[in-house]
>>> print(open('data_26.cif').read())   # mmCIF, C-alpha atoms
data_entry
#
loop_
_atom_site.group_PDB
_atom_site.id
_atom_site.type_symbol
_atom_site.label_atom_id
_atom_site.label_comp_id
_atom_site.auth_asym_id
_atom_site.auth_seq_id
_atom_site.Cartn_x
_atom_site.Cartn_y
_atom_site.Cartn_z
ATOM 1 C CA MET K 6 3.187 41.344 17.514
ATOM 2 C CA GLY K 7 1.933 42.087 13.966
ATOM 3 C CA ALA K 8 -1.298 41.200 12.249
ATOM 4 C CA PHE K 9 0.100 37.991 10.747
ATOM 5 C CA GLY K 10 1.363 36.510 14.021
ATOM 6 C CA ASP K 11 -1.690 37.705 15.962
ATOM 7 C CA ARG K 12 -4.008 35.956 13.462
ATOM 8 C CA LEU K 13 -2.122 32.664 13.818
ATOM 9 C CA ARG K 14 -2.253 32.816 17.608
ATOM 10 C CA ARG K 15 -5.966 33.769 17.623
ATOM 11 C CA GLU K 16 -6.895 30.898 15.255
ATOM 12 C CA ARG K 17 -4.949 28.438 17.420
ATOM 13 C CA GLU K 18 -6.459 29.589 20.731
ATOM 14 C CA MET K 19 -9.979 29.604 19.256
ATOM 15 C CA ARG K 20 -9.569 25.882 18.538
ATOM 16 C CA GLY K 21 -8.091 25.114 21.950
ATOM 17 C CA ILE K 22 -4.803 23.838 20.478
ATOM 18 C CA THR K 23 -1.459 24.209 22.266
ATOM 19 C CA LEU K 24 1.953 24.711 20.713
ATOM 20 C CA GLU K 25 3.016 21.308 22.082
ATOM 21 C CA GLU K 26 0.304 19.584 20.030
ATOM 22 C CA ILE K 27 1.434 21.341 16.843
ATOM 23 C CA THR K 28 5.065 20.467 17.586
ATOM 24 C CA GLU K 29 4.218 16.797 18.128
ATOM 25 C CA SER K 30 2.246 16.563 14.860
ATOM 26 C CA THR K 31 4.363 18.724 12.515
ATOM 27 C CA LYS K 32 7.820 18.098 14.117
ATOM 28 C CA ILE K 33 8.418 21.884 14.101
ATOM 29 C CA SER K 34 10.205 23.066 17.258
ATOM 30 C CA ARG K 35 8.298 25.211 19.742
ATOM 31 C CA ARG K 36 10.964 27.944 19.349
ATOM 32 C CA HIS K 37 10.154 28.318 15.643
ATOM 33 C CA LEU K 38 6.385 28.313 16.288
ATOM 34 C CA GLU K 39 6.782 31.098 18.845
ATOM 35 C CA ALA K 40 8.944 33.002 16.335
ATOM 36 C CA LEU K 41 6.122 32.761 13.738
ATOM 37 C CA GLU K 42 3.460 34.038 16.154
ATOM 38 C CA GLY K 43 5.790 36.799 17.372
ATOM 39 C CA GLU K 44 6.910 37.646 13.809
ATOM 40 C CA HIS K 45 10.572 37.214 14.784
ATOM 41 C CA PHE K 46 11.440 36.034 11.286
ATOM 42 C CA ASP K 47 15.175 36.505 11.862
ATOM 43 C CA GLN K 48 15.047 33.500 14.251
ATOM 44 C CA LEU K 49 13.794 31.153 11.498
ATOM 45 C CA PRO K 50 15.989 29.142 9.091
ATOM 46 C CA GLY K 51 14.848 31.258 6.139
ATOM 47 C CA GLY K 52 13.977 30.511 2.520
ATOM 48 C CA VAL K 53 11.564 27.722 1.688
ATOM 49 C CA PHE K 54 11.757 26.384 5.255
ATOM 50 C CA ASN K 55 9.805 29.358 6.604
ATOM 51 C CA LYS K 56 7.002 28.906 4.069
ATOM 52 C CA GLY K 57 6.936 25.181 4.846
ATOM 53 C CA PHE K 58 6.519 25.978 8.556
ATOM 54 C CA VAL K 59 3.641 28.382 7.804
ATOM 55 C CA ARG K 60 1.895 25.878 5.500
ATOM 56 C CA ALA K 61 2.181 23.018 8.047
ATOM 57 C CA TYR K 62 0.923 25.314 10.856
ATOM 58 C CA ALA K 63 -2.100 26.377 8.779
ATOM 59 C CA ARG K 64 -2.897 22.790 7.683
ATOM 60 C CA PHE K 65 -2.956 21.630 11.322
ATOM 61 C CA LEU K 66 -5.373 24.447 12.259
ATOM 62 C CA GLY K 67 -7.586 23.735 9.234
ATOM 63 C CA ILE K 68 -7.173 27.133 7.565
ATOM 64 C CA ASP K 69 -6.124 28.026 4.005
ATOM 65 C CA GLY K 70 -2.404 27.264 3.632
ATOM 66 C CA ASP K 71 -1.894 29.310 0.457
ATOM 67 C CA GLN K 72 -3.456 32.396 2.052
ATOM 68 C CA ALA K 73 -1.307 31.928 5.162
ATOM 69 C CA VAL K 74 1.868 31.769 3.030
ATOM 70 C CA ALA K 75 0.785 34.894 1.143
ATOM 71 C CA ASP K 76 0.195 36.726 4.448
ATOM 72 C CA TYR K 77 3.628 35.608 5.656
ATOM 73 C CA SER K 78 5.320 36.902 2.481
ATOM 74 C CA ALA K 79 3.587 40.259 2.893
ATOM 75 C CA ALA K 80 4.527 40.480 6.593
ATOM 76 C CA SER K 81 8.173 39.464 6.083
ATOM 77 C CA ASN K 82 8.682 41.478 2.854
ATOM 78 C CA GLU K 83 10.206 38.359 1.328
ATOM 79 C CA GLN K 84 10.982 38.679 -2.373
ATOM 80 C CA PRO K 85 10.206 35.672 -4.647
ATOM 81 C CA GLU K 86 13.235 33.819 -5.977
ATOM 82 C CA PRO K 87 13.958 34.357 -9.717
ATOM 83 C CA GLN K 88 12.959 31.467 -11.899
ATOM 84 C CA ASP K 89 16.099 31.754 -14.061
ATOM 85 C CA LYS K 90 18.451 31.184 -11.142
ATOM 86 C CA PHE K 91 20.288 28.461 -12.986
ATOM 87 C CA PRO K 92 20.523 29.522 -16.678
ATOM 88 C CA LEU K 93 21.387 26.323 -18.444
ATOM 89 C CA GLU K 94 21.406 25.844 -22.198
ATOM 90 C CA ILE K 95 19.184 22.916 -23.113
ATOM 91 C CA HIS K 96 19.340 21.513 -26.634
ATOM 92 C CA LYS K 97 16.044 20.388 -28.110
ATOM 93 C CA GLU K 98 17.688 17.620 -30.135
ATOM 94 C CA PRO K 99 21.053 15.888 -29.521
ATOM 95 C CA ASN K 100 23.874 16.479 -31.967
ATOM 96 C CA ARG K 101 24.199 13.115 -33.678
ATOM 97 C CA ASP K 102 27.397 14.209 -35.478
ATOM 98 C CA LEU K 103 29.286 14.081 -32.177
ATOM 99 C CA ASN K 104 28.307 10.468 -31.422
ATOM 100 C CA PRO K 105 26.294 8.916 -34.307
ATOM 101 C CA ARG K 106 26.200 5.397 -32.800
ATOM 102 C CA ARG K 107 25.058 6.413 -29.342
ATOM 103 C CA SER K 108 21.310 6.290 -30.029
ATOM 104 C CA TYR K 109 21.384 2.957 -31.907
ATOM 105 C CA LEU K 110 23.453 0.758 -29.578
ATOM 106 C CA PRO K 111 20.857 0.548 -26.746
ATOM 107 C CA LEU K 112 18.138 -0.265 -29.291
ATOM 108 C CA ALA K 113 20.257 -3.003 -30.876
ATOM 109 C CA PHE K 114 20.997 -4.584 -27.478
ATOM 110 C CA ALA K 115 17.298 -4.462 -26.536
ATOM 111 C CA VAL K 116 16.248 -6.162 -29.793
ATOM 112 C CA ALA K 117 18.914 -8.859 -29.391
ATOM 113 C CA ALA K 118 17.823 -9.554 -25.810
ATOM 114 C CA LEU K 119 14.158 -9.787 -26.876
ATOM 115 C CA VAL K 120 14.999 -12.239 -29.672
ATOM 116 C CA GLY K 121 17.007 -14.385 -27.266
ATOM 117 C CA VAL K 122 14.121 -14.550 -24.799
ATOM 118 C CA LEU K 123 11.630 -15.526 -27.529
ATOM 119 C CA VAL K 124 13.933 -18.270 -28.899
ATOM 120 C CA GLY K 125 14.511 -19.701 -25.422
ATOM 121 C CA TYR K 126 10.784 -19.711 -24.672
ATOM 122 C CA ALA K 127 9.960 -21.454 -27.970
ATOM 123 C CA PHE K 128 12.584 -24.133 -27.324
ATOM 124 C CA TRP K 129 11.262 -24.717 -23.809
ATOM 125 C CA VAL K 130 7.643 -25.051 -25.018
ATOM 126 C CA LYS K 131 8.697 -27.428 -27.802
ATOM 127 C CA SER K 132 10.656 -29.694 -25.463
ATOM 128 C CA ARG K 133 7.882 -30.104 -22.860
ATOM 129 C CA PRO K 134 5.548 -32.538 -24.792
ATOM 130 C CA HIS K 135 8.482 -34.755 -25.776
ATOM 131 C CA THR K 136 9.572 -35.025 -22.164
ATOM 132 C CA ASN K 137 6.069 -35.898 -20.981
ATOM 133 C CA GLU K 138 5.604 -38.580 -23.703
ATOM 134 C CA SER K 139 8.947 -40.237 -22.922
ATOM 135 C CA ALA K 140 8.101 -40.323 -19.228
ATOM 136 C CA ALA K 141 4.694 -41.916 -19.991
ATOM 137 C CA ARG K 142 6.269 -44.569 -22.219
ATOM 138 C CA SER K 143 8.842 -45.483 -19.578
ATOM 139 C CA MET K 144 6.063 -45.897 -17.011
ATOM 140 C CA GLN K 145 4.110 -48.205 -19.355
ATOM 141 C CA GLN K 146 7.142 -50.374 -20.130
ATOM 142 C CA THR K 147 8.131 -50.788 -16.488
ATOM 143 C CA PRO K 148 5.885 -53.424 -14.842
ATOM 144 C CA PRO K 149 4.618 -52.536 -11.394
ATOM 145 C CA ALA K 150 6.490 -54.062 -8.479
ATOM 146 C CA ALA K 151 3.303 -55.478 -6.995
ATOM 147 C CA ALA K 152 2.596 -57.558 -10.137
ATOM 148 C CA THR K 153 5.818 -59.606 -9.924
ATOM 149 C CA THR K 154 5.216 -63.202 -8.864
ATOM 150 C CA PRO K 155 7.676 -64.442 -6.250
ATOM 151 C CA PRO K 156 9.284 -67.814 -6.889
ATOM 152 C CA PRO K 157 7.532 -70.738 -5.191
ATOM 153 C CA ILE K 158 8.963 -71.849 -1.875
ATOM 154 C CA HIS K 159 8.930 -75.572 -1.195
ATOM 155 C CA ALA K 160 8.372 -76.219 2.460
ATOM 156 C CA PRO K 161 10.280 -79.122 3.961
ATOM 157 C CA VAL K 162 8.423 -82.228 4.898
ATOM 158 C CA ASN K 163 9.206 -81.879 8.571
ATOM 159 C CA ALA K 164 7.811 -78.262 8.880
ATOM 160 C CA THR K 165 6.110 -77.556 12.171
ATOM 161 C CA ALA K 166 2.369 -76.874 12.429
ATOM 162 C CA PRO K 167 2.391 -73.325 14.029
ATOM 163 C CA ALA K 168 3.857 -71.765 10.802
ATOM 164 C CA PRO K 169 0.446 -70.714 9.349
ATOM 165 C CA ALA K 170 -0.420 -68.848 12.539
ATOM 166 C CA ALA K 171 2.824 -66.863 12.274
ATOM 167 C CA THR K 172 2.011 -65.776 8.718
ATOM 168 C CA GLN K 173 -1.502 -64.662 9.692
ATOM 169 C CA ALA K 174 -0.307 -62.364 12.497
ATOM 170 C CA PRO K 175 1.265 -59.694 10.187
ATOM 171 C CA ARG K 176 -1.901 -59.661 8.021
ATOM 172 C CA ALA K 177 -4.039 -58.889 11.058
ATOM 173 C CA SER K 178 -1.765 -56.017 12.078
ATOM 174 C CA GLU K 179 -1.808 -54.642 8.516
ATOM 175 C CA THR K 180 -5.620 -54.740 8.481
ATOM 176 C CA THR K 181 -5.773 -52.825 11.787
ATOM 177 C CA ALA K 182 -3.341 -50.166 10.534
ATOM 178 C CA ALA K 183 -5.295 -49.738 7.280
ATOM 179 C CA SER K 184 -8.597 -49.331 9.114
ATOM 180 C CA SER K 185 -7.083 -46.714 11.433
ATOM 181 C CA LEU K 186 -5.778 -44.704 8.472
ATOM 182 C CA SER K 187 -9.125 -44.862 6.640
ATOM 183 C CA GLN K 188 -10.995 -43.221 9.524
ATOM 184 C CA PRO K 189 -11.477 -39.474 8.923
ATOM 185 C CA VAL K 190 -9.752 -37.064 11.306
ATOM 186 C CA GLN K 191 -12.243 -34.963 13.174
ATOM 187 C CA SER K 192 -11.306 -31.294 13.183
ATOM 188 C CA ALA K 193 -11.887 -29.113 16.208
ATOM 189 C CA PRO K 194 -15.046 -26.988 15.968
ATOM 190 C CA GLU K 195 -14.365 -23.367 15.012
ATOM 191 C CA LYS K 196 -15.253 -20.704 17.521
ATOM 192 C CA PRO K 197 -17.936 -18.313 16.289
ATOM 193 C CA VAL K 198 -16.705 -14.806 15.536
ATOM 194 C CA LYS K 199 -18.330 -12.250 17.761
ATOM 195 C CA PRO K 200 -19.773 -9.433 15.620
ATOM 196 C CA GLU K 201 -18.399 -5.965 16.281
ATOM 197 C CA LYS K 202 -20.842 -3.544 17.893
ATOM 198 C CA VAL K 203 -21.189 -0.312 15.888
ATOM 199 C CA PHE K 204 -22.334 2.989 17.383
ATOM 200 C CA VAL K 205 -23.233 6.333 15.766
ATOM 201 C CA VAL K 206 -22.264 9.841 16.931
ATOM 202 C CA GLN K 207 -23.786 12.934 15.302
ATOM 203 C CA VAL K 208 -22.462 16.495 15.656
ATOM 204 C CA LYS K 209 -24.678 19.487 14.721
ATOM 205 C CA ALA K 210 -23.312 23.044 14.747
ATOM 206 C CA LYS K 211 -25.491 25.779 16.234
ATOM 207 C CA GLU K 212 -22.815 28.281 15.150
ATOM 208 C CA ASP K 213 -19.494 28.094 13.322
ATOM 209 C CA SER K 214 -17.316 25.740 15.400
ATOM 210 C CA TRP K 215 -14.028 23.989 14.824
ATOM 211 C CA VAL K 216 -14.431 20.178 15.137
ATOM 212 C CA SER K 217 -11.903 17.323 14.967
ATOM 213 C CA ILE K 218 -13.084 13.665 14.900
ATOM 214 C CA VAL K 219 -10.942 10.510 15.020
ATOM 215 C CA ALA K 220 -12.872 7.201 14.641
ATOM 216 C CA ASP K 221 -11.120 3.861 15.331
ATOM 217 C CA GLY K 222 -7.716 5.536 14.970
ATOM 218 C CA LYS K 223 -8.529 7.231 11.616
ATOM 219 C CA SER K 224 -9.056 10.993 11.188
ATOM 220 C CA VAL K 225 -12.567 11.587 9.797
ATOM 221 C CA MET K 226 -12.676 15.402 9.767
ATOM 222 C CA GLU K 227 -10.733 18.401 11.075
ATOM 223 C CA ARG K 228 -12.270 21.717 10.025
ATOM 224 C CA VAL K 229 -14.773 24.434 10.929
ATOM 225 C CA LEU K 230 -18.340 23.088 10.884
ATOM 226 C CA SER K 231 -20.672 25.831 9.657
ATOM 227 C CA ALA K 232 -23.859 26.726 11.505
ATOM 228 C CA ASP K 233 -26.848 24.374 10.974
ATOM 229 C CA LYS K 234 -24.517 21.784 9.406
ATOM 230 C CA LYS K 235 -24.186 18.303 10.886
ATOM 231 C CA LYS K 236 -21.849 15.323 10.599
ATOM 232 C CA LYS K 237 -22.747 11.682 11.364
ATOM 233 C CA ILE K 238 -19.951 9.177 12.080
ATOM 234 C CA LYS K 239 -20.026 5.399 12.679
ATOM 235 C CA ALA K 240 -17.365 3.646 14.781
ATOM 236 C CA GLY K 241 -16.784 0.172 16.148
ATOM 237 C CA LYS K 242 -14.287 0.692 19.000
ATOM 238 C CA THR K 243 -13.526 4.296 19.975
ATOM 239 C CA LEU K 244 -14.325 7.811 18.745
ATOM 240 C CA VAL K 245 -12.556 10.988 19.953
ATOM 241 C CA LEU K 246 -14.345 14.318 19.415
ATOM 242 C CA ARG K 247 -12.538 17.617 19.969
ATOM 243 C CA THR K 248 -13.995 21.102 19.587
ATOM 244 C CA GLY K 249 -12.962 24.672 20.302
ATOM 245 C CA ASN K 250 -16.557 25.820 20.931
ATOM 246 C CA ALA K 251 -18.369 23.419 23.277
ATOM 247 C CA GLY K 252 -21.396 25.712 23.545
ATOM 248 C CA GLY K 253 -21.783 25.948 19.770
ATOM 249 C CA ILE K 254 -22.462 22.266 18.979
ATOM 250 C CA GLU K 255 -25.012 19.568 19.835
ATOM 251 C CA VAL K 256 -23.891 15.915 20.116
ATOM 252 C CA THR K 257 -26.057 12.774 20.050
ATOM 253 C CA PHE K 258 -25.022 9.172 20.754
ATOM 254 C CA ASN K 259 -27.149 6.536 18.954
ATOM 255 C CA GLY K 260 -29.892 9.149 18.593
ATOM 256 C CA VAL K 261 -29.806 10.276 22.262
ATOM 257 C CA SER K 262 -28.760 13.898 22.891
ATOM 258 C CA LEU K 263 -25.975 14.540 25.421
ATOM 259 C CA GLY K 264 -27.322 17.962 26.373
ATOM 260 C CA SER K 265 -25.100 20.958 27.127
ATOM 261 C CA LEU K 266 -21.379 20.289 26.659
ATOM 262 C CA GLY K 267 -19.975 23.607 27.926
ATOM 263 C CA ASN K 268 -19.809 27.334 27.343
ATOM 264 C CA GLU K 269 -19.222 29.262 24.136
ATOM 265 C CA ASN K 270 -15.590 29.176 22.862
ATOM 266 C CA GLU K 271 -14.728 26.581 25.516
ATOM 267 C CA PRO K 272 -12.452 23.783 24.242
ATOM 268 C CA ARG K 273 -13.674 20.265 25.035
ATOM 269 C CA THR K 274 -12.549 16.700 24.263
ATOM 270 C CA LEU K 275 -15.087 13.811 24.351
ATOM 271 C CA THR K 276 -14.256 10.083 24.046
ATOM 272 C CA PHE K 277 -16.916 7.482 23.114
ATOM 273 C CA ASN K 278 -16.993 3.689 22.950
ATOM 274 C CA ALA K 279 -19.739 1.170 22.273
ATOM 275 C CA ASN K 280 -21.217 1.787 25.771
ATOM 276 C CA GLY K 281 -21.438 5.556 25.403
ATOM 277 C CA LEU K 282 -19.508 8.623 26.612
ATOM 278 C CA VAL K 283 -16.326 7.761 28.489
ATOM 279 C CA GLN K 284 -15.197 11.296 29.350
#
>>> encode(input="data_26.cif", output="structure tokens")
Amino acid sequence: MGAFGDRLRREREMRGITLEEITESTKISRRHLEALEGEHFDQLPGGVFNKGFVRAYARFLGIDGDQAVADYSAASNEQPEPQDKFPLEIHKEPNRDLNPRRSYLPLAFAVAALVGVLVGYAFWVKSRPHTNESAARSMQQTPPAAATTPPPIHAPVNATAPAPAATQAPRASETTAASSLSQPVQSAPEKPVKPEKVFVVQVKAKEDSWVSIVADGKSVMERVLSADKKKKIKAGKTLVLRTGNAGGIEVTFNGVSLGSLGNENEPRTLTFNANGLVQ
């Protein structure tokens, strides 16, 4: 194993990351990752794919991707591709003598379409007030149906007495229906929204330590936290803290220290919720 592959493997093991985790995140097969660490470059697809693998590997570990690609090029003796691989002659200006009408036809069609749109819009705006006025006049000329007076009905001389009671019954039912419709509908009381409980986790590095934090499903940081530096994170549901140096960091939950988390260079994963440390 050469210096390039040994550095990749050492950086990965220092952070407590397995090849399966890198494969799941980057979609690079484990066979290709092992070929990178073992510097078996003949087992890789070659070309830009190899540099893409190296850059994705370095980004997942939190190291400089450009430097990793440069180290790979030096280790594999890969020569850069020439920039003039496809020598094509590009004219600065088109030859209008070959097709003099080509550049004017699209412009003419665009101007004609714009004029048509403006004319249609002006006609539509002009016709709207006339339509509204004609509709208002027709409504004024048409008498309402309720204002028409029905022709008088002459009751026969021998009409029976209970007729007035029959005419009063529909009026009573109409009054009851109108009163029921006029009553406001009472809406169901809304349930109060329970406020979300927020907790705070702080990480302080006693020495350079790699730290990865995911709060409420979102990645907050994934890098090496320098000594005497600290990071404070707020979360509402869950917070997952991963480190490759459990003895090199101090963690507090809502201002309360958790004490010793492990030994130096020991990988550790901690999960928090609103009640505190879960594991």
>>> closest_residue(input="data_26.cif", among="K:Val219, K:Leu13, K:Ala210, K:Leu49", to="K:Gly67", atoms="all atoms listed in the file")
K:Leu13
>>> closest_residue(input="data_26.cif", among="K:Val229, K:Gly241, K:Lys234, K:Ser217", to="K:Val203", atoms="all atoms listed in the file")
K:Gly241
>>> residues_near_point(input="data_26.cif", point="(2.9, 30.7, 6.3)", cutoff="12 Å", atoms="only C-alpha atoms", output="ChimeraX atom specification")
/K:9-10,12-13,38,40-42,44,46,51-66,68-81,83
>>> atom_distance(input="data_26.cif", atom1="atom CA of K:Ser34", atom2="atom CA of K:Gly21")
19.0 Å
>>> residues_around(input="data_26.cif", residues="K:Asn259", least_positions_apart="2", cutoff="8 Å", atoms="only C-alpha atoms", output="list in words")
Phe204, Val205, Val206, Thr257 and Val261 of chain K
>>> atom_distance(input="data_26.cif", atom1="atom CA of K:Leu230", atom2="atom CA of K:Ser214")
5.3 Å
>>> closest_residue(input="data_26.cif", among="K:Asn268, K:Gln207, K:Ser262, K:Ser231", to="K:Leu244", atoms="all atoms listed in the file")
K:Gln207
>>> resolve_selection(input="data_26.cif", expression="the PyMOL selection byres ((chain K and resi 222-226) around 9)", output="ChimeraX atom specification")
/K:216-221,227-228,238,243-245
>>> closest_residue(input="data_26.cif", among="K:Gly249, K:Lys239, K:Glu25, K:Gly43", to="K:Ala8", atoms="only C-alpha atoms")
K:Gly43
>>> atom_distance(input="data_26.cif", atom1="atom CA of K:Gly264", atom2="atom CA of K:Gly281")
13.8 Å
>>> closest_residue(input="data_26.cif", among="K:Asn280, K:Ser265, K:Thr23, K:Asn270", to="K:Lys242", atoms="all atoms listed in the file")
K:Asn280
